[in-house]
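A.B. asks: Here's a structure for you.
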Amino acid sequence: MRPKTLITDFDNTLYDWFHVWYQSFSAMIAEVVRISGISEDVLFPEIREIHQKYRTSEYAFLLEEIPALRERYPAEDITHIFDDAIHAYRSARKHSLALYPGVEETLIRLRQCGVQIVLYTESLAYYTNFRVKRLGLDPLIDYVYSPPDHELPVFFLPKASLNAGNGDAVLAFAEHRNLPPGVVKPDPEVLLDIVKDVGREPTECIYLGDSLMKDIAMAQAALVTDVFAAYGGVQHKEEYELLRKVSHWTDDDVEREKQVSRMAVSPNRSIECFAEIAEIIGE
């Protein structure tokens, strides 16, 4: 049976999330250290606690909540003091955010052939939708599934929304649907719920992702045909150590990944570039 739906991971499957994060975060931190004189050894543990609190390693209001900066500048506007750091972050993000080669052309081809495109990511809603729009994917995707946004910091008005009034993260074509809070890959029930929600059976879907331990193991447990995006691996890179130091991953997350990593996971198929998924689907 020819698959009717492609369910794909987002980060490091359609674009290089780690490259964008590393370029942006490292550019910002270099400016924060230069301006404040506070070392990375002090900043990183505090940043990790904030990232864990909000369940994301790309928290939009990070500088305003770092205790060392608030202590150093108790009565001043942090965003004003670190304007150069914020500019460095945004500039690096703008210049590094790009789809992998062949992604746009292949998605257009699949949609023209009637294949439904579903995106499933663990990144929170605002950050996901912002990138979907910025990468030009909005008209090429049918559904986007992600966890809901984190709460806004206390210095924002009650009932304010991270997405409110921000057209950069409001989708015009793709329909965004929130996953239940706290669900994480490789939970096969979440994938099966998505399959049912989009009106398909597991045998009518292909799942594509860059993580053997999360994406491929999950798809196999759900009996959805899996395809491994071999081109998306980044854990071997030296720069990845920076993400480990400030990541939102908790000790429980690390232990869970260790348990999954003990499983022998062999993908059904592997591809070296995104365009190859069209051949597997048969289009």
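Scheme for the structure tokens: letters A, B, ... for chains in order shown; per-chain residue numbers from 1; ligand numbers from 1 in order shown.
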Using DSSP on the backbone coordinates, identify the residues of stretch 42-278 of chain A assigned to strand (DSSP E); present them as an NGL selection string.
C.D. replies: :A and (116-120 or 143-146 or 175-178 or 205-209 or 225-229 or 269-271)
A.B. asks: As a PyMOL selection string, please: the residues near stretch 40-54 of chain A (cut-off 8 Å, only C-alpha atoms, same-chain neighbours under 2 positions excluded).
C.D. replies: chain A and resi 29+33+38+56-59+62+65-68+150-151+245-250
A.B. asks: To test your reading of the structure, identify every residue in stretch 71-169 of chain A that backbone DSSP assigns to alpha helix (DSSP H), and report it as a VMD selection string.
C.D. replies: chain A and resid 71 to 72 78 to 81 83 to 96 103 to 112 125 to 134
A.B. asks: Considering only C-alpha atoms, return as a PyMOL selection string whatever protein or nucleic-acid residues lie within 9 Å of A:Leu140, sequence-local ones (same chain, fewer than 4 positions apart) excluded.
C.D. replies: chain A and resi 104+107-108+111+117+136+173-174
A.B. asks: Considering only C-alpha atoms, can you say which of A:Ala264, A:Ala98, A:Val224, A:Leu192 comes closest to A:Leu212?
C.D. replies: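 Comparing A:Ala264, A:Ala98, A:Val224, A:Leu192 against A:Leu212, the winner is A:Ala264.
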A.B. asks: Can you tell me which residues surround A:Asn178 at a distance of at most 7 Å, considering only C-alpha atoms, apart from same-chain residues fewer than 6 positions away, and format the answer as a PyMOL selection string?
C.D. replies: chain A and resi 145-148
A.B. asks: Have a look at A:Ser39, A:Thr8, A:Thr106, A:Asn129 and name the one nearest to A:Ile216; count only C-alpha atoms.
C.D. replies: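 With only C-alpha atoms as the atom set, the closest residue is A:Thr8.
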A.B. asks: Which one of A:Arg134, A:Glu239, A:Val170, A:Lys214 sits closest to A:Phe25 if you count only C-alpha atoms?
C.D. replies: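 The shortest atom-to-atom distance to A:Phe25 comes from A:Glu239.
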